[in-house]
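See structure below.
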Amino acid sequence: MTSTLTAKLHVPVTAKPNAWNDGGLPAMDLCTLLLEDRVVTIGVTALPRQPDSLNRLLTGAGKVEPLTELGPGALITESRMVFTVGDRAVRITPAGGIDRSTADGIDRAKAVAVALATRDAVPTSLRNARQTDAACQLSNSQAEEFAGAQVQLRRDYRVRGALTCIWGTYDATVSIVEAFDQLTIPEADRTPPPQLAPVGQPGYYLPDKGELVFRLGRRVVRVTGLTNPARVVPLTILQGIVDPMMPLFLR
């Protein structure tokens, strides 16, 4: 894909190492391209798309127009493009937007070229729905209780030793994300300040984000529960999800 785009766009196109999952609804497997030094994030739904998947991916995106080059149903805004490939939904997000004359944005022609190359690459790049790590199994039953069903999606992986666990269905996602040596907790600087949580040194509870975030020594851990339709996730539920893994984080 990078060599095809380099030849077509006449600029260096490279892929950044490592892929990840955003733990959203719908949860998406993500990777990053660099068009010269301009960042473009490509996301593919980790589970087969649902009738409302494209609409979910366009929430808050502004004015929506048809993206005729990608066929029926494809849509474009000034910040992203969404379309379907087989049974998956795809989102392409240039960091600086599309046709916005920003330093890190790209024009529509380049955005469409990336979309077309992505459409060709997706069928051979899909990942199995279940990618598990034994450490995440400690919280599996709690995550499934929150989701209300056996999860269809698992995305467990480590980046430089830091663990990510994700459990997902079409209507609920649970994630536990560990980060090492993070100097600050950005959530602490919100206005008004977040609620304190009785876990970690310190810990915070953000009900509007369904998130519990806390520090334990070198680690900052985020526990997030998302649902569709959205509902407030009580702190006790988030604590219950992460509690079986606390001995791991206390090491």
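We name chains A, B, ... following the order of the structure tokens; residues begin at 1 in each chain, and ligands are numbered from 1 as shown.
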
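Neighbouring residues of Val233 in chain A at 9 Å or closer, counting only C-alpha atoms and skipping chain neighbours under 2 positions away, are Pro207, Asp208, Lys209, Gly210, Glu211, Thr224, Gly225, Leu226, Thr227, Arg231, Leu235, Thr236, Ile237 and Leu238 of chain A.
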
Just want the 12 Å neighbourhood of Arg38 in chain A, counted on only C-alpha atoms, with same-chain residues fewer than 3 positions away dropped. Output as a PDB file with all heavy atoms, in the first residue's frame.
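Contents of the output file around-v7.pdb:
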ATOM      1  N   VAL A  11       4.963  11.633  -3.346  1.00  0.00           N
ATOM      2  CA  VAL A  11       5.549  12.037  -2.061  1.00  0.00           C
ATOM      3  C   VAL A  11       5.853  10.752  -1.293  1.00  0.00           C
ATOM      4  O   VAL A  11       5.207   9.730  -1.519  1.00  0.00           O
ATOM      5  CB  VAL A  11       4.608  12.944  -1.231  1.00  0.00           C
ATOM      6  CG1 VAL A  11       4.319  14.244  -1.963  1.00  0.00           C
ATOM      7  CG2 VAL A  11       3.321  12.216  -0.867  1.00  0.00           C
ATOM      8  N   PRO A  12       6.848  10.780  -0.386  1.00  0.00           N
ATOM      9  CA  PRO A  12       7.135   9.571   0.399  1.00  0.00           C
ATOM     10  C   PRO A  12       5.953   9.222   1.301  1.00  0.00           C
ATOM     11  O   PRO A  12       5.434  10.073   2.022  1.00  0.00           O
ATOM     12  CB  PRO A  12       8.363   9.968   1.231  1.00  0.00           C
ATOM     13  CG  PRO A  12       8.918  11.181   0.569  1.00  0.00           C
ATOM     14  CD  PRO A  12       7.773  11.890  -0.076  1.00  0.00           C
ATOM     15  N   VAL A  13       5.526   7.967   1.245  1.00  0.00           N
ATOM     16  CA  VAL A  13       4.457   7.463   2.113  1.00  0.00           C
ATOM     17  C   VAL A  13       5.009   6.266   2.876  1.00  0.00           C
ATOM     18  O   VAL A  13       5.488   5.312   2.269  1.00  0.00           O
ATOM     19  CB  VAL A  13       3.213   7.050   1.312  1.00  0.00           C
ATOM     20  CG1 VAL A  13       2.127   6.513   2.250  1.00  0.00           C
ATOM     21  CG2 VAL A  13       2.683   8.231   0.502  1.00  0.00           C
ATOM     22  N   THR A  14       4.957   6.343   4.196  1.00  0.00           N
ATOM     23  CA  THR A  14       5.465   5.256   5.035  1.00  0.00           C
ATOM     24  C   THR A  14       4.406   4.882   6.066  1.00  0.00           C
ATOM     25  O   THR A  14       3.488   5.652   6.356  1.00  0.00           O
ATOM     26  CB  THR A  14       6.763   5.668   5.761  1.00  0.00           C
ATOM     27  OG1 THR A  14       6.504   6.850   6.526  1.00  0.00           O
ATOM     28  CG2 THR A  14       7.877   5.943   4.765  1.00  0.00           C
ATOM     29  N   ALA A  15       4.564   3.682   6.611  1.00  0.00           N
ATOM     30  CA  ALA A  15       3.659   3.217   7.668  1.00  0.00           C
ATOM     31  C   ALA A  15       4.401   3.206   8.989  1.00  0.00           C
ATOM     32  O   ALA A  15       5.520   2.692   9.080  1.00  0.00           O
ATOM     33  CB  ALA A  15       3.153   1.813   7.338  1.00  0.00           C
ATOM     34  N   LYS A  16       3.817   3.797  10.016  1.00  0.00           N
ATOM     35  CA  LYS A  16       4.421   3.758  11.341  1.00  0.00           C
ATOM     36  C   LYS A  16       4.272   2.358  11.920  1.00  0.00           C
ATOM     37  O   LYS A  16       3.268   1.674  11.676  1.00  0.00           O
ATOM     38  CB  LYS A  16       3.756   4.774  12.279  1.00  0.00           C
ATOM     39  CG  LYS A  16       3.987   6.221  11.883  1.00  0.00           C
ATOM     40  CD  LYS A  16       3.410   7.177  12.896  1.00  0.00           C
ATOM     41  CE  LYS A  16       4.184   7.166  14.194  1.00  0.00           C
ATOM     42  NZ  LYS A  16       3.711   8.241  15.108  1.00  0.00           N
ATOM     43  N   THR A  32      -1.258   3.789  11.278  1.00  0.00           N
ATOM     44  CA  THR A  32      -0.931   5.167  10.905  1.00  0.00           C
ATOM     45  C   THR A  32      -0.042   5.204   9.672  1.00  0.00           C
ATOM     46  O   THR A  32       0.951   4.481   9.596  1.00  0.00           O
ATOM     47  CB  THR A  32      -0.207   5.883  12.061  1.00  0.00           C
ATOM     48  OG1 THR A  32      -1.023   5.840  13.221  1.00  0.00           O
ATOM     49  CG2 THR A  32       0.091   7.331  11.708  1.00  0.00           C
ATOM     50  N   LEU A  33      -0.410   6.060   8.721  1.00  0.00           N
ATOM     51  CA  LEU A  33       0.438   6.377   7.579  1.00  0.00           C
ATOM     52  C   LEU A  33       1.037   7.759   7.756  1.00  0.00           C
ATOM     53  O   LEU A  33       0.429   8.641   8.378  1.00  0.00           O
ATOM     54  CB  LEU A  33      -0.372   6.367   6.274  1.00  0.00           C
ATOM     55  CG  LEU A  33      -0.884   5.048   5.717  1.00  0.00           C
ATOM     56  CD1 LEU A  33      -1.635   5.318   4.416  1.00  0.00           C
ATOM     57  CD2 LEU A  33       0.243   4.059   5.490  1.00  0.00           C
ATOM     58  N   LEU A  34       2.214   7.951   7.190  1.00  0.00           N
ATOM     59  CA  LEU A  34       2.827   9.274   7.115  1.00  0.00           C
ATOM     60  C   LEU A  34       2.956   9.648   5.640  1.00  0.00           C
ATOM     61  O   LEU A  34       3.659   8.964   4.883  1.00  0.00           O
ATOM     62  CB  LEU A  34       4.200   9.287   7.777  1.00  0.00           C
ATOM     63  CG  LEU A  34       4.236   9.107   9.293  1.00  0.00           C
ATOM     64  CD1 LEU A  34       5.679   9.040   9.776  1.00  0.00           C
ATOM     65  CD2 LEU A  34       3.499  10.239   9.984  1.00  0.00           C
ATOM     66  N   LEU A  35       2.253  10.691   5.226  1.00  0.00           N
ATOM     67  CA  LEU A  35       2.421  11.261   3.888  1.00  0.00           C
ATOM     68  C   LEU A  35       3.406  12.405   4.048  1.00  0.00           C
ATOM     69  O   LEU A  35       3.034  13.482   4.501  1.00  0.00           O
ATOM     70  CB  LEU A  35       1.090  11.763   3.327  1.00  0.00           C
ATOM     71  CG  LEU A  35       0.173  10.726   2.668  1.00  0.00           C
ATOM     72  CD1 LEU A  35      -0.292   9.707   3.684  1.00  0.00           C
ATOM     73  CD2 LEU A  35      -1.037  11.407   2.029  1.00  0.00           C
ATOM     74  N   THR A  41      -4.579   8.533  10.083  1.00  0.00           N
ATOM     75  CA  THR A  41      -4.939   7.336  10.841  1.00  0.00           C
ATOM     76  C   THR A  41      -6.041   6.587  10.119  1.00  0.00           C
ATOM     77  O   THR A  41      -7.062   7.169   9.728  1.00  0.00           O
ATOM     78  CB  THR A  41      -5.414   7.713  12.257  1.00  0.00           C
ATOM     79  OG1 THR A  41      -4.366   8.430  12.923  1.00  0.00           O
ATOM     80  CG2 THR A  41      -5.749   6.467  13.065  1.00  0.00           C
ATOM     81  N   THR A  93      -8.741   9.319   8.931  1.00  0.00           N
ATOM     82  CA  THR A  93      -8.710  10.596   9.635  1.00  0.00           C
ATOM     83  C   THR A  93      -7.343  11.254   9.482  1.00  0.00           C
ATOM     84  O   THR A  93      -6.393  10.906  10.192  1.00  0.00           O
ATOM     85  CB  THR A  93      -9.005  10.389  11.128  1.00  0.00           C
ATOM     86  OG1 THR A  93     -10.153   9.563  11.283  1.00  0.00           O
ATOM     87  CG2 THR A  93      -9.242  11.722  11.818  1.00  0.00           C
ATOM     88  N   PRO A  94      -7.173  12.205   8.560  1.00  0.00           N
ATOM     89  CA  PRO A  94      -5.942  12.998   8.522  1.00  0.00           C
ATOM     90  C   PRO A  94      -5.876  13.921   9.736  1.00  0.00           C
ATOM     91  O   PRO A  94      -6.878  14.540  10.098  1.00  0.00           O
ATOM     92  CB  PRO A  94      -6.067  13.796   7.217  1.00  0.00           C
ATOM     93  CG  PRO A  94      -7.153  13.103   6.432  1.00  0.00           C
ATOM     94  CD  PRO A  94      -8.080  12.531   7.449  1.00  0.00           C
ATOM     95  N   ALA A  95      -4.714  14.009  10.359  1.00  0.00           N
ATOM     96  CA  ALA A  95      -4.597  14.793  11.593  1.00  0.00           C
ATOM     97  C   ALA A  95      -5.020  16.243  11.398  1.00  0.00           C
ATOM     98  O   ALA A  95      -5.627  16.850  12.285  1.00  0.00           O
ATOM     99  CB  ALA A  95      -3.168  14.723  12.124  1.00  0.00           C
ATOM    100  N   GLY A  96      -4.717  16.813  10.235  1.00  0.00           N
ATOM    101  CA  GLY A  96      -5.044  18.215   9.988  1.00  0.00           C
ATOM    102  C   GLY A  96      -6.282  18.420   9.157  1.00  0.00           C
ATOM    103  O   GLY A  96      -6.546  19.537   8.693  1.00  0.00           O
ATOM    104  N   GLY A  97      -7.057  17.373   8.965  1.00  0.00           N
ATOM    105  CA  GLY A  97      -8.286  17.486   8.212  1.00  0.00           C
ATOM    106  C   GLY A  97      -8.091  17.365   6.708  1.00  0.00           C
ATOM    107  O   GLY A  97      -6.987  17.109   6.206  1.00  0.00           O
ATOM    108  N   ILE A  98      -9.193  17.578   5.989  1.00  0.00           N
ATOM    109  CA  ILE A  98      -9.231  17.423   4.533  1.00  0.00           C
ATOM    110  C   ILE A  98      -9.653  18.754   3.917  1.00  0.00           C
ATOM    111  O   ILE A  98     -10.708  19.311   4.265  1.00  0.00           O
ATOM    112  CB  ILE A  98     -10.231  16.322   4.124  1.00  0.00           C
ATOM    113  CG1 ILE A  98      -9.851  14.984   4.785  1.00  0.00           C
ATOM    114  CG2 ILE A  98     -10.296  16.180   2.601  1.00  0.00           C
ATOM    115  CD1 ILE A  98     -10.931  13.925   4.695  1.00  0.00           C
ATOM    116  N   THR A 102      -4.582  23.503   6.334  1.00  0.00           N
ATOM    117  CA  THR A 102      -3.754  23.461   7.545  1.00  0.00           C
ATOM    118  C   THR A 102      -2.408  22.830   7.203  1.00  0.00           C
ATOM    119  O   THR A 102      -2.278  22.076   6.232  1.00  0.00           O
ATOM    120  CB  THR A 102      -4.439  22.641   8.647  1.00  0.00           C
ATOM    121  OG1 THR A 102      -4.704  21.320   8.149  1.00  0.00           O
ATOM    122  CG2 THR A 102      -5.744  23.289   9.071  1.00  0.00           C
ATOM    123  N   ALA A 103      -1.418  23.103   8.034  1.00  0.00           N
ATOM    124  CA  ALA A 103      -0.065  22.624   7.742  1.00  0.00           C
ATOM    125  C   ALA A 103       0.014  21.109   7.703  1.00  0.00           C
ATOM    126  O   ALA A 103       0.803  20.535   6.939  1.00  0.00           O
ATOM    127  CB  ALA A 103       0.911  23.182   8.782  1.00  0.00           C
ATOM    128  N   ASP A 104      -0.788  20.441   8.542  1.00  0.00           N
ATOM    129  CA  ASP A 104      -0.729  18.979   8.584  1.00  0.00           C
ATOM    130  C   ASP A 104      -1.956  18.333   7.958  1.00  0.00           C
ATOM    131  O   ASP A 104      -2.190  17.137   8.120  1.00  0.00           O
ATOM    132  CB  ASP A 104      -0.560  18.491  10.028  1.00  0.00           C
ATOM    133  CG  ASP A 104      -1.616  19.052  10.969  1.00  0.00           C
ATOM    134  OD1 ASP A 104      -2.378  19.952  10.547  1.00  0.00           O
ATOM    135  OD2 ASP A 104      -1.678  18.601  12.122  1.00  0.00           O
ATOM    136  N   GLY A 105      -2.758  19.106   7.207  1.00  0.00           N
ATOM    137  CA  GLY A 105      -3.903  18.550   6.504  1.00  0.00           C
ATOM    138  C   GLY A 105      -3.515  18.054   5.120  1.00  0.00           C
ATOM    139  O   GLY A 105      -2.393  18.254   4.651  1.00  0.00           O
ATOM    140  N   ILE A 106      -4.451  17.374   4.465  1.00  0.00           N
ATOM    141  CA  ILE A 106      -4.218  16.921   3.093  1.00  0.00           C
ATOM    142  C   ILE A 106      -5.410  17.339   2.240  1.00  0.00           C
ATOM    143  O   ILE A 106      -6.509  17.577   2.749  1.00  0.00           O
ATOM    144  CB  ILE A 106      -4.004  15.394   3.005  1.00  0.00           C
ATOM    145  CG1 ILE A 106      -5.230  14.624   3.501  1.00  0.00           C
ATOM    146  CG2 ILE A 106      -2.766  14.989   3.795  1.00  0.00           C
ATOM    147  CD1 ILE A 106      -5.088  13.106   3.348  1.00  0.00           C
ATOM    148  N   ASP A 107      -5.173  17.435   0.924  1.00  0.00           N
ATOM    149  CA  ASP A 107      -6.275  17.822   0.048  1.00  0.00           C
ATOM    150  C   ASP A 107      -7.150  16.610  -0.267  1.00  0.00           C
ATOM    151  O   ASP A 107      -6.799  15.466   0.022  1.00  0.00           O
ATOM    152  CB  ASP A 107      -5.751  18.491  -1.220  1.00  0.00           C
ATOM    153  CG  ASP A 107      -4.849  17.598  -2.047  1.00  0.00           C
ATOM    154  OD1 ASP A 107      -5.107  16.374  -2.143  1.00  0.00           O
ATOM    155  OD2 ASP A 107      -3.857  18.105  -2.602  1.00  0.00           O
ATOM    156  N   LYS A 110      -5.652  13.636  -2.371  1.00  0.00           N
ATOM    157  CA  LYS A 110      -4.772  12.727  -1.617  1.00  0.00           C
ATOM    158  C   LYS A 110      -5.593  11.855  -0.662  1.00  0.00           C
ATOM    159  O   LYS A 110      -5.323  10.654  -0.496  1.00  0.00           O
ATOM    160  CB  LYS A 110      -3.716  13.519  -0.839  1.00  0.00           C
ATOM    161  CG  LYS A 110      -2.605  14.107  -1.694  1.00  0.00           C
ATOM    162  CD  LYS A 110      -1.528  14.737  -0.816  1.00  0.00           C
ATOM    163  CE  LYS A 110      -0.329  15.192  -1.643  1.00  0.00           C
ATOM    164  NZ  LYS A 110      -0.670  16.298  -2.536  1.00  0.00           N
ATOM    165  N   ALA A 111      -6.588  12.463  -0.023  1.00  0.00           N
ATOM    166  CA  ALA A 111      -7.428  11.696   0.892  1.00  0.00           C
ATOM    167  C   ALA A 111      -8.142  10.565   0.156  1.00  0.00           C
ATOM    168  O   ALA A 111      -8.203   9.426   0.643  1.00  0.00           O
ATOM    169  CB  ALA A 111      -8.441  12.612   1.572  1.00  0.00           C
TER     170      ALA A 111
END

* To do: Please give the complete set of residues from range 2-241 of chain A that DSSP, run on the backbone, assigns to helix (DSSP H, G or I), formatted as number ranges by chain.
  => A: 2-9, 53-57, 68-70, 108-124, 134-147, 186-189, 207-209, 235-241

Which residues of range 47-156 of chain A have any atom within 10 Å of an atom in range 24-30 of chain A when counting only C-alpha atoms, and what is the closest pair of atoms for each, with the distance in Å to one decimal? Order the rows by chain and rising number and write it as a tab-separated table.
residue	atom	partner	partner_atom	distance
A:Leu47	CA	A:Ala27	CA	7.5
A:Pro48	CA	A:Pro26	CA	9.5
A:Arg49	CA	A:Pro26	CA	8.1
A:Gln50	CA	A:Pro26	CA	8.9
A:Asp52	CA	A:Pro26	CA	9.6
A:Ser53	CA	A:Pro26	CA	6.8
A:Leu54	CA	A:Pro26	CA	9.4
A:Arg56	CA	A:Pro26	CA	7.5
A:Leu57	CA	A:Pro26	CA	7.8
A:Arg88	CA	A:Met28	CA	9.9
A:Ala89	CA	A:Met28	CA	8.9
A:Val90	CA	A:Met28	CA	8.5
A:Arg91	CA	A:Met28	CA	8.8
A:Ile92	CA	A:Leu30	CA	9.6
A:Leu126	CA	A:Asp29	CA	9.0
A:Arg127	CA	A:Asp29	CA	8.5
A:Leu153	CA	A:Ala27	CA	8.7
A:Arg155	CA	A:Asp29	CA	9.1

* Asked: DSSP says strand (DSSP E) for which residues of range 25-235 of chain A? Put them as JSON, numbers by chain?
  -> {"A": [28, 29, 30, 31, 32, 33, 34, 35, 38, 39, 40, 41, 42, 43, 44, 45, 65, 66, 75, 76, 81, 82, 83, 84, 85, 88, 89, 90, 91, 92, 93, 94, 130, 131, 153, 154, 155, 157, 158, 159, 162, 163, 164, 165, 166, 167, 168, 172, 173, 174, 175, 176, 177, 178, 179, 180, 195, 196, 203, 204, 205, 206, 211, 212, 213, 214, 215, 216, 219, 220, 221, 222, 223, 224, 225, 226, 227]}

* Please identify all polymer residues within 9 Å of Arg108 in chain A, counting only C-alpha atoms, omitting same-chain residues fewer than 4 positions from it, and present them as a VMD selection string. => chain A and resid 98 to 99 112 to 113

How would the residues just chosen look if you wrote them out with N, CA and C atoms as an mmCIF file, in the first residue's frame?
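What landed in selection.cif:
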data_model
loop_
_atom_site.group_PDB
_atom_site.id
_atom_site.type_symbol
_atom_site.label_atom_id
_atom_site.label_comp_id
_atom_site.auth_asym_id
_atom_site.auth_seq_id
_atom_site.Cartn_x
_atom_site.Cartn_y
_atom_site.Cartn_z
ATOM 1 N N ILE A 98 -9.193 17.578 5.989
ATOM 2 C CA ILE A 98 -9.231 17.423 4.533
ATOM 3 C C ILE A 98 -9.653 18.754 3.917
ATOM 4 N N ASP A 99 -8.813 19.267 3.007
ATOM 5 C CA ASP A 99 -9.111 20.539 2.317
ATOM 6 C C ASP A 99 -9.340 21.692 3.297
ATOM 7 N N VAL A 112 -8.661 10.840 -1.010
ATOM 8 C CA VAL A 112 -9.355 9.816 -1.788
ATOM 9 C C VAL A 112 -8.377 8.727 -2.232
ATOM 10 N N ALA A 113 -7.163 9.113 -2.614
ATOM 11 C CA ALA A 113 -6.156 8.114 -2.998
ATOM 12 C C ALA A 113 -5.847 7.172 -1.839
#

* To one decimal in Å, tell me the separation between CA of Phe214 in chain A and CA of Ile185 in chain A. =>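 Separation between CA of Phe214 in chain A and CA of Ile185 in chain A: 8.2 Å.
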
* **Interatomic distance (Å, one decimal) between CA of Arg158 in chain A and CA of Gly240 in chain A** => 22.4 Å

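Rounded to one decimal, CA of Ser101 in chain A and CA of Thr4 in chain A lie 24.9 Å from each other.
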
* To do: Tell me which of A:Met81, A:Leu58, A:Gly148, A:Val159 sits closest to Pro17 in chain A, counting only C-alpha atoms.
  =>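 Comparing A:Met81, A:Leu58, A:Gly148, A:Val159 against Pro17 in chain A, the winner is A:Val159.
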
Could you give me, as an mmCIF file with C-alpha atoms, in the first residue's frame, the residues within 6 Å of Val221 in chain A, counting only C-alpha atoms and dropping anything in the same chain fewer than 6 positions from it?
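Output (result_7.cif):
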data_model
loop_
_atom_site.group_PDB
_atom_site.id
_atom_site.type_symbol
_atom_site.label_atom_id
_atom_site.label_comp_id
_atom_site.auth_asym_id
_atom_site.auth_seq_id
_atom_site.Cartn_x
_atom_site.Cartn_y
_atom_site.Cartn_z
ATOM 1 C CA VAL A 177 -4.967 0.245 29.556
ATOM 2 C CA GLU A 178 -1.668 0.380 31.391
ATOM 3 C CA VAL A 213 -7.856 6.443 36.043
ATOM 4 C CA PHE A 214 -5.280 5.958 38.765
#
